[in-house]
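Data block for entry.txt (compact mmCIF, C-alpha atoms):
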# COMPACT_ATOMS: atom_id res chain seq x y z
CA MET A 1 -28.65 -23.34 -23.22
CA ASN A 2 -25.48 -23.81 -25.28
CA LYS A 3 -23.40 -22.19 -22.55
CA ILE A 4 -24.83 -24.55 -19.91
CA ILE A 5 -24.03 -27.58 -22.08
CA LEU A 6 -20.52 -26.25 -22.65
CA ILE A 7 -19.90 -25.71 -18.90
CA LEU A 8 -21.21 -29.19 -18.08
CA PHE A 9 -18.99 -30.68 -20.76
CA LEU A 10 -15.92 -28.90 -19.38
CA LEU A 11 -16.71 -30.06 -15.84
CA ILE A 12 -17.04 -33.65 -17.02
CA CYS A 13 -13.76 -33.41 -18.95
CA THR A 14 -11.79 -31.88 -16.09
CA SER A 15 -13.12 -34.50 -13.67
CA PHE A 16 -11.00 -37.06 -15.54
CA LEU A 17 -7.70 -35.43 -14.57
CA ALA A 18 -6.92 -38.32 -12.18
CA GLY A 19 -6.18 -40.65 -15.10
CA ALA A 20 -3.54 -39.94 -17.74
CA GLN A 21 -5.38 -41.63 -20.60
CA ASN A 22 -8.56 -39.77 -19.81
CA GLU A 23 -6.67 -36.48 -19.87
CA ILE A 24 -5.54 -37.16 -23.44
CA ILE A 25 -9.07 -38.02 -24.52
CA SER A 26 -10.43 -34.86 -22.87
CA ALA A 27 -7.87 -32.59 -24.53
CA ASP A 28 -8.46 -34.17 -27.94
CA SER A 29 -12.24 -33.89 -27.54
CA LEU A 30 -12.00 -30.24 -26.56
CA ASN A 31 -9.76 -29.50 -29.54
CA ILE A 32 -12.26 -31.16 -31.88
CA LEU A 33 -15.06 -29.05 -30.41
CA SER A 34 -12.92 -25.91 -30.67
CA SER A 35 -12.42 -26.55 -34.39
CA GLU A 36 -16.16 -27.08 -34.88
CA PHE A 37 -17.05 -23.77 -33.21
CA ARG A 38 -14.36 -21.84 -35.13
CA GLN A 39 -16.67 -20.58 -37.88
CA THR A 40 -19.76 -19.92 -35.77
CA ASP A 41 -18.58 -18.76 -32.33
CA SER A 42 -14.94 -17.70 -32.03
CA GLU A 43 -15.19 -16.87 -28.31
CA LYS A 44 -16.48 -20.34 -27.52
CA SER A 45 -13.80 -21.86 -29.75
CA LEU A 46 -11.14 -19.93 -27.80
CA GLN A 47 -12.54 -21.08 -24.42
CA LEU A 48 -12.48 -24.70 -25.51
CA ALA A 49 -8.94 -24.41 -26.88
CA ARG A 50 -7.71 -22.87 -23.60
CA ALA A 51 -9.33 -25.70 -21.62
CA ALA A 52 -7.60 -28.22 -23.91
CA TRP A 53 -4.29 -26.39 -23.38
CA ILE A 54 -4.60 -26.65 -19.57
CA ILE A 55 -5.36 -30.38 -19.67
CA SER A 56 -2.67 -31.21 -22.24
CA SER A 57 -0.08 -29.14 -20.34
CA GLN A 58 -0.77 -31.03 -17.12
CA GLN A 59 -0.31 -34.29 -19.00
CA ASN A 60 2.75 -32.88 -20.87
CA ASP A 61 1.27 -34.11 -24.14
CA THR A 62 3.22 -32.06 -26.71
CA GLU A 63 1.04 -32.87 -29.72
CA ALA A 64 -2.19 -32.00 -27.90
CA MET A 65 -0.57 -28.81 -26.55
CA ALA A 66 0.43 -27.79 -30.09
CA ALA A 67 -3.09 -28.48 -31.38
CA SER A 68 -4.60 -26.43 -28.55
CA LEU A 69 -2.33 -23.48 -29.33
CA LEU A 70 -3.16 -23.76 -33.03
CA ASN A 71 -6.88 -23.56 -32.22
CA MET A 72 -6.28 -20.67 -29.84
CA GLY A 73 -4.37 -18.79 -32.53
CA MET A 74 -7.12 -19.27 -35.11
CA ALA A 75 -9.83 -18.13 -32.68
CA GLN A 76 -7.77 -15.08 -31.74
CA TYR A 77 -7.28 -14.33 -35.45
CA LYS A 78 -11.04 -14.47 -36.03
CA LEU A 79 -11.51 -12.12 -33.06
CA SER A 80 -8.88 -9.72 -34.51
CA ARG A 81 -6.54 -10.26 -31.54
CA PHE A 82 -3.58 -10.45 -33.87
CA ASP A 83 -0.70 -10.04 -31.41
CA SER A 84 -2.05 -12.89 -29.27
CA ALA A 85 -2.63 -14.99 -32.39
CA ILE A 86 1.03 -14.56 -33.41
CA VAL A 87 2.22 -15.76 -30.00
CA SER A 88 -0.09 -18.80 -30.00
CA CYS A 89 0.72 -19.85 -33.57
CA LYS A 90 4.48 -19.48 -33.09
CA LYS A 91 4.39 -21.62 -29.94
CA SER A 92 2.32 -24.19 -31.83
CA TYR A 93 4.79 -24.20 -34.74
CA HIS A 94 7.80 -24.75 -32.47
CA LEU A 95 6.07 -27.52 -30.51
CA TYR A 96 5.13 -29.33 -33.71
CA LYS A 97 8.69 -28.85 -34.98
CA SER A 98 10.14 -30.31 -31.77
CA ILE A 99 8.33 -33.61 -32.42
CA GLY A 100 8.77 -33.58 -36.21
CA HIS A 101 5.04 -33.22 -36.88
CA SER A 102 5.10 -31.91 -40.46
CA ILE A 103 1.33 -31.57 -40.90
CA GLY A 104 1.07 -29.49 -37.74
CA MET A 105 4.07 -27.38 -38.76
CA THR A 106 2.57 -26.48 -42.13
CA ALA A 107 -0.79 -25.60 -40.54
CA ALA A 108 0.85 -23.37 -37.92
CA ALA A 109 3.12 -21.69 -40.51
CA ASN A 110 0.18 -21.03 -42.83
CA ASN A 111 -1.85 -19.53 -39.98
CA LEU A 112 1.09 -17.30 -39.05
CA GLY A 113 1.17 -16.08 -42.65
CA MET A 114 -2.55 -15.28 -42.50
CA VAL A 115 -2.19 -13.26 -39.29
CA TYR A 116 0.87 -11.36 -40.54
CA TYR A 117 -0.96 -10.61 -43.79
CA GLN A 118 -3.86 -9.09 -41.88
CA MET A 119 -1.36 -7.07 -39.81
CA SER A 120 0.11 -5.77 -43.09
CA ASP A 121 3.48 -7.39 -42.33
CA PHE A 122 3.85 -8.82 -45.83
CA ALA A 123 7.50 -9.83 -45.53
CA ASN A 124 6.70 -12.18 -42.64
CA ALA A 125 3.48 -13.29 -44.34
CA GLU A 126 5.44 -14.38 -47.42
CA LYS A 127 8.08 -16.04 -45.22
CA TYR A 128 5.61 -18.27 -43.40
CA TYR A 129 3.44 -18.93 -46.47
CA SER A 130 6.59 -20.15 -48.25
CA ILE A 131 7.59 -22.36 -45.29
CA SER A 132 4.13 -23.91 -45.32
CA LEU A 133 4.18 -24.44 -49.10
CA ASP A 134 7.62 -26.09 -48.97
CA ILE A 135 6.40 -28.58 -46.37
CA ASP A 136 3.26 -29.31 -48.39
CA TYR A 137 5.36 -29.99 -51.49
CA SER A 138 7.58 -32.38 -49.49
CA LEU A 139 4.47 -34.19 -48.23
CA ASN A 140 2.82 -34.11 -51.68
CA ASP A 141 -0.19 -32.64 -49.87
CA THR A 142 -2.28 -31.33 -52.76
CA ALA A 143 -4.83 -29.62 -50.52
CA GLY A 144 -2.08 -27.80 -48.64
CA MET A 145 -0.29 -26.89 -51.87
CA ALA A 146 -3.47 -25.42 -53.33
CA TYR A 147 -4.15 -23.42 -50.18
CA GLY A 148 -0.58 -22.12 -50.09
CA LEU A 149 -0.70 -21.08 -53.74
CA ASN A 150 -3.87 -19.10 -53.01
CA ASN A 151 -2.17 -17.29 -50.16
CA LEU A 152 0.91 -16.40 -52.20
CA GLY A 153 -1.38 -15.28 -55.02
CA GLN A 154 -2.96 -12.78 -52.64
CA LEU A 155 0.45 -11.24 -51.97
CA PHE A 156 1.07 -10.77 -55.71
CA GLN A 157 -2.41 -9.30 -56.13
CA TYR A 158 -1.74 -6.89 -53.31
CA ARG A 159 1.45 -5.78 -55.08
CA GLY A 160 -0.52 -5.13 -58.25
CA ASP A 161 0.85 -8.06 -60.26
CA TYR A 162 -2.53 -9.46 -61.31
CA GLN A 163 -1.13 -11.73 -64.01
CA LYS A 164 1.10 -13.56 -61.54
CA ALA A 165 -1.69 -13.66 -58.94
CA LEU A 166 -4.04 -15.25 -61.48
CA GLN A 167 -1.42 -17.89 -62.35
CA TYR A 168 -1.25 -18.92 -58.69
CA TYR A 169 -5.03 -18.88 -58.26
CA MET A 170 -5.65 -20.86 -61.45
CA LEU A 171 -3.09 -23.49 -60.51
CA SER A 172 -4.66 -23.75 -57.06
CA ALA A 173 -8.14 -24.21 -58.55
CA GLU A 174 -6.81 -26.89 -60.92
CA ILE A 175 -5.19 -28.83 -58.05
CA GLU A 176 -8.37 -28.60 -55.96
CA HIS A 177 -10.50 -29.78 -58.89
CA GLN A 178 -8.25 -32.75 -59.59
CA SER A 179 -8.21 -33.63 -55.89
CA GLY A 180 -12.02 -33.53 -55.67
CA ASN A 181 -12.12 -30.65 -53.17
CA PRO A 182 -15.01 -28.35 -54.23
CA TYR A 183 -14.63 -26.14 -51.14
CA GLY A 184 -11.02 -25.30 -51.97
CA GLU A 185 -11.88 -24.81 -55.64
CA ALA A 186 -14.65 -22.34 -54.70
CA HIS A 187 -12.20 -20.43 -52.50
CA SER A 188 -9.89 -20.14 -55.53
CA TRP A 189 -12.83 -18.87 -57.62
CA LEU A 190 -13.37 -16.10 -55.07
CA ASN A 191 -9.74 -15.02 -55.40
CA ILE A 192 -9.78 -15.28 -59.19
CA GLY A 193 -12.88 -13.07 -59.25
CA SER A 194 -11.14 -10.52 -57.05
CA ALA A 195 -7.99 -10.40 -59.24
CA TYR A 196 -10.02 -9.96 -62.44
CA SER A 197 -12.20 -7.27 -60.84
CA GLU A 198 -9.28 -5.27 -59.46
CA SER A 199 -7.57 -5.39 -62.86
CA GLY A 200 -10.70 -3.85 -64.42
CA ASN A 201 -12.31 -6.95 -65.95
CA LEU A 202 -15.60 -6.81 -64.01
CA SER A 203 -17.53 -9.22 -66.24
CA LYS A 204 -14.88 -11.93 -65.81
CA GLY A 205 -14.74 -11.17 -62.09
CA ASN A 206 -18.52 -11.57 -61.78
CA GLU A 207 -18.35 -14.89 -63.61
CA TYR A 208 -16.13 -16.38 -60.90
CA TYR A 209 -17.91 -14.59 -58.04
CA ARG A 210 -21.22 -16.16 -59.10
CA LYS A 211 -19.68 -19.64 -59.20
CA ALA A 212 -18.33 -19.11 -55.68
CA LEU A 213 -21.65 -17.66 -54.50
CA GLU A 214 -23.56 -20.70 -55.75
CA TYR A 215 -21.23 -23.11 -53.97
CA PHE A 216 -20.95 -21.30 -50.61
CA SER A 217 -24.73 -20.83 -50.55
CA SER A 218 -25.25 -24.56 -51.14
CA VAL A 219 -23.04 -25.52 -48.17
CA SER A 220 -24.23 -22.64 -45.91
CA ASP A 221 -20.69 -21.28 -45.41
CA SER A 222 -21.71 -17.87 -44.09
CA ARG A 223 -18.20 -16.42 -43.73
CA ASN A 224 -17.16 -16.97 -47.35
CA LEU A 225 -20.70 -16.13 -48.46
CA ALA A 226 -20.29 -12.68 -46.88
CA LEU A 227 -16.97 -12.19 -48.70
CA VAL A 228 -18.52 -13.03 -52.07
CA LEU A 229 -21.51 -10.75 -51.45
CA ILE A 230 -19.22 -7.83 -50.52
CA ASN A 231 -17.14 -8.14 -53.69
CA LEU A 232 -19.98 -8.94 -56.05
CA GLY A 233 -21.98 -6.06 -54.57
CA ASP A 234 -19.12 -3.64 -55.22
CA ASN A 235 -18.93 -4.76 -58.85
CA PHE A 236 -22.63 -3.96 -59.20
CA ARG A 237 -21.87 -0.53 -57.70
CA LEU A 238 -19.16 0.04 -60.29
CA ASN A 239 -21.68 -0.89 -63.00
CA HIS A 240 -24.16 1.62 -61.45
CA ASP A 241 -26.66 -1.08 -60.46
CA PHE A 242 -27.11 0.43 -57.01
CA ALA A 243 -30.18 -1.60 -56.02
CA GLN A 244 -28.38 -4.91 -56.50
CA ALA A 245 -25.29 -3.53 -54.81
CA ARG A 246 -27.27 -2.43 -51.73
CA ASN A 247 -29.03 -5.78 -51.49
CA MET A 248 -25.79 -7.75 -51.51
CA ILE A 249 -23.67 -5.50 -49.29
CA SER A 250 -26.46 -5.09 -46.72
CA LYS A 251 -26.78 -8.85 -46.53
CA ALA A 252 -23.00 -9.13 -46.04
CA ILE A 253 -23.14 -6.61 -43.15
CA GLU A 254 -25.94 -8.63 -41.55
CA ILE A 255 -24.04 -11.94 -41.86
CA SER A 256 -20.73 -10.49 -40.62
CA THR A 257 -22.41 -8.83 -37.64
CA ARG A 258 -24.13 -12.08 -36.71
CA ASN A 259 -20.85 -14.00 -37.04
CA LYS A 260 -18.94 -11.33 -35.05
CA ASN A 261 -16.34 -11.27 -37.82
CA ASP A 262 -14.61 -7.88 -37.74
CA ILE A 263 -12.59 -8.27 -40.93
CA GLU A 264 -15.57 -8.95 -43.21
CA LEU A 265 -17.69 -6.37 -41.37
CA ILE A 266 -15.11 -3.61 -41.90
CA GLN A 267 -14.86 -4.46 -45.60
CA ALA A 268 -18.63 -4.44 -45.96
CA GLN A 269 -18.93 -1.08 -44.19
CA ILE A 270 -16.28 0.48 -46.44
CA TYR A 271 -17.99 -0.81 -49.57
CA TYR A 272 -21.39 0.36 -48.32
CA SER A 273 -19.90 3.81 -47.75
CA LYS A 274 -18.66 3.81 -51.37
CA LEU A 275 -22.17 2.95 -52.55
CA LEU A 276 -23.79 5.74 -50.53
CA SER A 277 -21.18 8.20 -51.79
CA ASP A 278 -21.98 7.26 -55.40
CA GLU A 279 -25.65 7.91 -54.60
CA ASN A 280 -24.72 11.41 -53.30
CA LYS A 281 -25.67 10.52 -49.71
CA ALA A 282 -22.61 12.09 -48.13
CA ASP A 283 -23.75 12.08 -44.49
CA SER A 284 -24.73 8.41 -44.56
CA ALA A 285 -21.53 7.51 -46.39
CA GLU A 286 -19.49 9.27 -43.73
CA PHE A 287 -21.35 7.47 -40.92
CA TRP A 288 -20.55 4.01 -42.32
CA LEU A 289 -16.97 4.97 -43.06
CA PHE A 290 -16.35 6.13 -39.49
CA GLU A 291 -17.95 2.91 -38.23
CA ALA A 292 -15.32 1.04 -40.25
CA LEU A 293 -12.49 3.34 -39.08
CA ASN A 294 -13.43 2.91 -35.42
CA ARG A 295 -13.42 -0.84 -35.82
CA CYS A 296 -10.01 -0.66 -37.55
CA VAL A 297 -8.61 1.25 -34.58
CA GLU A 298 -10.10 -1.24 -32.10
CA THR A 299 -8.57 -4.19 -33.95
CA ASP A 300 -5.25 -2.59 -35.10
CA ASN A 301 -6.09 -3.39 -38.71
CA ASN A 302 -3.75 -1.11 -40.71
CA LEU A 303 -4.65 -2.58 -44.09
CA LEU A 304 -8.34 -1.80 -43.81
CA ALA A 305 -7.61 1.49 -42.03
CA CYS A 306 -5.70 2.53 -45.15
CA GLU A 307 -8.71 1.56 -47.29
CA ALA A 308 -11.10 3.52 -45.08
CA LEU A 309 -8.94 6.68 -44.94
CA MET A 310 -8.41 6.57 -48.70
CA GLN A 311 -12.15 6.19 -49.27
CA GLN A 312 -12.94 9.20 -47.06
CA GLY A 313 -10.34 11.23 -48.97
CA LEU A 314 -11.94 10.27 -52.27
CA VAL A 315 -15.43 11.13 -50.98
CA LEU A 316 -14.33 14.57 -49.78
CA SER A 317 -12.48 15.16 -53.06
CA ALA A 318 -15.68 14.47 -55.00
CA GLU A 319 -17.38 17.07 -52.78
CA LYS A 320 -14.55 19.53 -53.62
CA LYS A 321 -13.51 19.74 -49.97
CA TYR A 322 -9.89 19.53 -51.04
CA PRO A 323 -7.96 20.63 -47.90
CA GLU A 324 -9.89 18.20 -45.69
CA ALA A 325 -9.65 15.46 -48.32
CA ASN A 326 -5.88 15.89 -48.51
CA GLN A 327 -5.49 15.26 -44.78
CA TYR A 328 -7.23 11.88 -45.12
CA LEU A 329 -5.28 11.02 -48.25
CA LEU A 330 -1.94 11.89 -46.65
CA ASN A 331 -2.77 9.69 -43.65
CA ALA A 332 -3.73 6.89 -46.03
CA TYR A 333 -0.48 7.48 -47.92
CA GLU A 334 1.55 6.85 -44.74
CA PHE A 335 -0.12 3.46 -44.28
CA ALA A 336 0.14 2.55 -47.97
CA SER A 337 3.80 3.58 -48.15
CA ASP A 338 4.75 1.54 -45.07
CA MET A 339 2.97 -1.51 -46.52
CA GLN A 340 4.09 -0.90 -50.14
CA TYR A 341 0.43 -1.13 -51.14
CA ALA A 342 0.92 -0.52 -54.88
CA SER A 343 -2.66 0.00 -56.09
CA ALA A 344 -3.56 2.24 -53.13
CA LEU A 345 -0.43 4.37 -53.61
CA LYS A 346 -1.35 4.90 -57.27
CA THR A 347 -4.90 6.04 -56.39
CA ILE A 348 -3.81 8.27 -53.49
CA LEU A 349 -1.02 10.04 -55.39
CA GLU A 350 -3.22 10.67 -58.44
CA GLN A 351 -5.96 12.16 -56.26
CA LEU A 352 -3.52 14.33 -54.29
CA SER A 353 -2.11 15.70 -57.55
CA ASN A 354 -5.61 16.47 -58.85
CA ASN A 355 -6.64 18.10 -55.56
CA TYR A 356 -3.64 20.42 -55.37
CA SER A 357 -4.13 21.32 -59.02
CA ALA A 358 -7.75 22.27 -58.26
CA LEU A 359 -6.49 24.42 -55.36
CA GLY A 360 -4.08 26.20 -57.71
CA ASP A 361 -1.03 24.85 -55.93
CA PHE A 362 0.68 23.55 -59.07
CA GLU A 363 4.01 22.98 -57.38
CA GLU A 364 2.48 20.46 -54.96
CA ALA A 365 0.39 18.97 -57.78
CA LEU A 366 3.54 18.37 -59.84
CA LYS A 367 5.29 16.89 -56.79
CA TYR A 368 2.62 14.22 -56.30
CA GLN A 369 2.38 13.61 -60.04
CA LYS A 370 6.12 12.85 -60.09
CA MET A 371 5.77 10.63 -57.03
CA GLY A 372 2.99 8.73 -58.80
CA ALA A 373 5.12 8.30 -61.93
CA ALA A 374 8.06 7.09 -59.82
CA ASN A 375 5.78 4.65 -58.02
CA ASP A 376 4.50 3.27 -61.35
CA GLN A 377 8.07 2.85 -62.61
CA THR A 378 9.11 1.09 -59.41
CA GLN A 379 6.15 -1.26 -59.74
CA VAL A 380 7.03 -2.09 -63.36
CA MET A 381 10.62 -2.85 -62.36
CA SER A 382 9.46 -4.92 -59.40
CA ASN A 383 7.10 -6.97 -61.56
CA SER A 384 9.78 -7.47 -64.22
CA ALA A 385 12.23 -8.66 -61.61
CA ALA A 386 9.60 -10.99 -60.17
CA LYS A 387 9.09 -12.61 -63.57
CA ILE A 388 12.72 -13.62 -63.90
CA LYS A 389 13.07 -14.89 -60.34
CA LYS A 390 12.66 -18.61 -60.05
CA ASP A 391 10.83 -18.38 -56.76
CA THR A 392 7.86 -16.92 -58.61
CA ASN A 393 7.34 -20.23 -60.40
CA PRO A 394 4.33 -21.72 -58.55
CA GLU A 395 5.34 -25.21 -59.60
CA LYS A 396 8.66 -25.18 -57.68
CA PRO A 397 9.09 -25.05 -53.91
CA ALA A 398 10.65 -21.89 -52.51
CA MET A 399 13.36 -23.95 -50.74
CA MET A 400 14.78 -25.20 -54.04
CA THR A 401 14.92 -21.62 -55.32
CA LEU A 402 16.78 -20.58 -52.19
CA LEU A 403 19.35 -23.35 -52.73
CA TYR A 404 19.88 -22.32 -56.35
CA GLY A 405 20.36 -18.73 -55.19
CA LEU A 406 22.92 -19.74 -52.57
CA VAL A 407 24.91 -21.82 -55.09
CA LEU A 408 24.87 -19.00 -57.64
CA GLY A 409 25.86 -16.50 -54.96
CA ALA A 410 28.76 -18.67 -53.80
CA PHE A 411 29.98 -19.05 -57.40
CA LEU A 412 29.87 -15.29 -57.98
CA ILE A 413 31.75 -14.62 -54.74
CA LEU A 414 34.43 -17.16 -55.73
CA LEU A 415 34.73 -15.66 -59.20
CA LEU A 416 35.06 -12.10 -57.85
CA ALA A 417 37.61 -13.24 -55.24
CA THR A 418 39.72 -14.91 -57.96
CA ILE A 419 39.66 -11.78 -60.12
CA HIS A 420 40.52 -9.63 -57.11
CA PHE A 421 43.41 -11.94 -56.17
CA TYR A 422 44.76 -11.92 -59.74
CA ILE A 423 44.65 -8.11 -59.91
CA ARG A 424 46.40 -7.73 -56.55
CA MET A 425 49.15 -10.21 -57.56
CA ARG A 426 49.85 -8.26 -60.74
CA TYR A 427 49.98 -5.07 -58.71
CA TYR A 428 52.47 -6.46 -56.21
CA LYS A 429 54.59 -7.91 -59.01
CA LYS A 430 54.85 -4.50 -60.70
CA LEU A 431 55.53 -2.87 -57.36
CA THR A 432 58.40 -5.28 -56.67
CA GLU A 433 59.90 -4.81 -60.12
CA SER A 434 59.77 -1.01 -59.77
CA HIS A 435 61.41 -0.88 -56.31
CA SER A 436 64.49 1.43 -56.26
CA PRO A 437 67.45 1.22 -53.86
CA ALA A 438 66.36 4.55 -52.32
CA ARG A 439 62.98 3.05 -51.41
CA GLU A 440 64.64 0.04 -49.85
CA GLU A 441 66.84 2.33 -47.74
CA ARG A 442 63.83 4.25 -46.44
CA LYS A 443 62.37 1.01 -45.08

What is this file in structure tokens?
Amino acid sequence: MNKIILILFLLICTSFLAGAQNEIISADSLNILSSEFRQTDSEKSLQLARAAWIISSQQNDTEAMAASLLNMGMAQYKLSRFDSAIVSCKKSYHLYKSIGHSIGMTAAANNLGMVYYQMSDFANAEKYYSISLDIDYSLNDTAGMAYGLNNLGQLFQYRGDYQKALQYYMLSAEIEHQSGNPYGEAHSWLNIGSAYSESGNLSKGNEYYRKALEYFSSVSDSRNLALVLINLGDNFRLNHDFAQARNMISKAIEISTRNKNDIELIQAQIYYSKLLSDENKADSAEFWLFEALNRCVETDNNLLACEALMQQGLVLSAEKKYPEANQYLLNAYEFASDMQYASALKTILEQLSNNYSALGDFEEALKYQKMGAANDQTQVMSNSAAKIKKDTNPEKPAMMTLLYGLVLGAFLILLLATIHFYIRMRYYKKLTESHSPAREERK
């Protein structure tokens, strides 16, 4: 029935192509509908956005074209079509930029950051998140600032700097609270819970997860509800409350499957595999893990593929199947190394060292132990450097930090050039004074 209504609506909209004003109304209406279907039916959202793109292109309405591409990119992101999402969001960003539409630019840049993050391209993710945050600061857009701080916090959490991640998340939650945006504040709670849990403080993590769970349940936000259930369920697993863990993770799998959301579904399947492994149900754990791995391959999701491979390596290690486990761990290491996934690298290298030690290959065990120690040292140095960089201050836009860096760099270059010039002049002066007649004759 919904499909019939949608087709009729599209036919009615396209019948207005004879009049310019009606074209604009049709494109705008389709974009509004596309946004409304984004959370519940990504395929339908994509169809509506494409129809809006066709109409707005015929009218040459740049703003409507940019909005259509933005909606297309978000739908493609939800459907894990990341390469297409990048193309759509970049086109949207450049169209908005061509007409000086700052709000559209920041939305497109933020969405690009989200897609790059999911593709494990963290350099580009940080680049576009920072662009978006700079624009939001210039607009004094508190909602945008809070959202951008959350996104940058995720990058720090991924790098293992939980203290800095929590600073960003807490500031975001404070801004959302002061602005009267409970949805944004609840999203910050979810991230705060994740940072606390990953750093080992499960009780504090659960405190924030429960606050987020209560809010997302009250507004029937199924996508974020699934995310909370996945993470809260895994904390119950870590506390050996397997019944509660199964209840929550199973519900998350059900919601994600119904919503056709691959990202949440993969996460839920990986966490369910961990639960079954802890319950010594190796065959079932392997089944769910391979379900997740297959979906990672289908959607080119390297980040979650790394998680799945690492999990299988850990499961096989617990079963003392060390040679097989090492193959999975080494594959996971390749992903983690390429992405500079700090916490995963630490886990993988520790397990590889333990496995080779158990096999009696102490040379290999020592090799991976040293690699793990070097990785820890690199992470400490990276975090220390991050603390003294001004661009890690969540209260200052990244653009200002860049300007300070350029000025400081120019000053240092000038200073070094002056010293170099002075040294060369002294050298030439001494050379001139020491010239002999014989040397002059040889010229």

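Computed from the coordinates, the atom CA of A:Ser29 to atom CA of A:Lys91 distance equals 20.8 Å.
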
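Interatomic distance, atom CA of A:Asp300 against atom CA of A:Ser120: 10.1 Å.
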
Practice item. With a distance cut-off of 7 Å and all atoms listed in the file, select the neighbouring residues of stretch 71-87 of chain A, excluding the residue or stretch itself and same-chain residues fewer than 3 positions from it, and output the selection as number ranges by chain. Key: A: 34-35, 38, 42, 45-46, 49-50, 67-68, 90-91, 112, 115, 261-262, 299

Considering all atoms listed in the file, tabulate each residue of stretch 111-189 of chain A that lies at most 9 Å from stretch 195-202 of chain A along with its nearest interatomic pair and the corresponding distance in Å to one decimal; arrange the rows by chain and ascending residue number and present them as CSV.
residue,atom,partner,partner_atom,distance
A:Gln154,CA,A:Ala195,CA,8.6
A:Gln157,CA,A:Ala195,CA,6.5
A:Gly160,CA,A:Ser199,CA,8.4
A:Tyr162,CA,A:Ala195,CA,5.9
A:Gln163,CA,A:Ala195,CA,8.5
A:Ala165,CA,A:Ala195,CA,7.1
A:Leu166,CA,A:Ala195,CA,6.6

Using C-alpha atoms, can you write the selected residues to a file as a PDB file, keeping the file's coordinate frame?
ATOM      1  CA  GLN A 154      -2.960 -12.780 -52.640  1.00  0.00           C
ATOM      2  CA  GLN A 157      -2.410  -9.300 -56.130  1.00  0.00           C
ATOM      3  CA  GLY A 160      -0.520  -5.130 -58.250  1.00  0.00           C
ATOM      4  CA  TYR A 162      -2.530  -9.460 -61.310  1.00  0.00           C
ATOM      5  CA  GLN A 163      -1.130 -11.730 -64.010  1.00  0.00           C
ATOM      6  CA  ALA A 165      -1.690 -13.660 -58.940  1.00  0.00           C
ATOM      7  CA  LEU A 166      -4.040 -15.250 -61.480  1.00  0.00           C
TER       8      LEU A 166
END

Exercise for review: Excluding A:Thr142 and residues on its chain fewer than 5 positions from it, collect all residues at most 10 Å away from it, counting all atoms listed in the file, and give them as a ChimeraX atom specification.
Suggested key: /A:136-137,147-148,172,175-176,178-179,181

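The spacing separating atom CA of A:Lys367 from atom CA of A:Ile348 amounts to 13.0 Å.
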
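Residues in contact with A:Asn301 at 7 Å, where only C-alpha atoms are counted and same-chain residues fewer than 4 positions away are skipped, are listed as Gln118, Met119, Cys296, Val297 and Ala305 of chain A.
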
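Shortest separation to A:Leu316 among A:Asn31, A:Asn280, A:Gln369, A:Ser92 occurs at residue A:Asn280, atoms counted being only C-alpha atoms.
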
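With all atoms listed in the file as the atoms that count, the residue of A:Asn331, A:Asp61, A:Leu48, A:Ser256 with the shortest distance to A:Glu36 is A:Leu48.
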
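Residue nearest A:Ala336, chosen from A:Tyr168, A:Trp189, A:Tyr158, A:Tyr368 and counting all atoms listed in the file: A:Tyr158.
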
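With only C-alpha atoms as the atoms that count, the minimum distance from A:Ser317 to the choices A:Ala358, A:Leu293, A:Leu238, A:Leu345 is reached by A:Ala358.
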
Point to revise | Distance query A:Lys346 at most 12 Å, only C-alpha atoms, self and fewer than 3 positions along chain excluded, as a ChimeraX atom specification | key: /A:159-160,310,329,332-333,336-337,340-343,349-353,368-379

Practice item. Can you pull out every residue within 10 Å of stretch 97-107 of chain A, counting only C-alpha atoms, but drop anything in the same chain fewer than 2 positions away, and send it as a ChimeraX atom specification? Key: /A:62-63,66-67,70,89-95,109-113,128-136,138-139,141,144,148
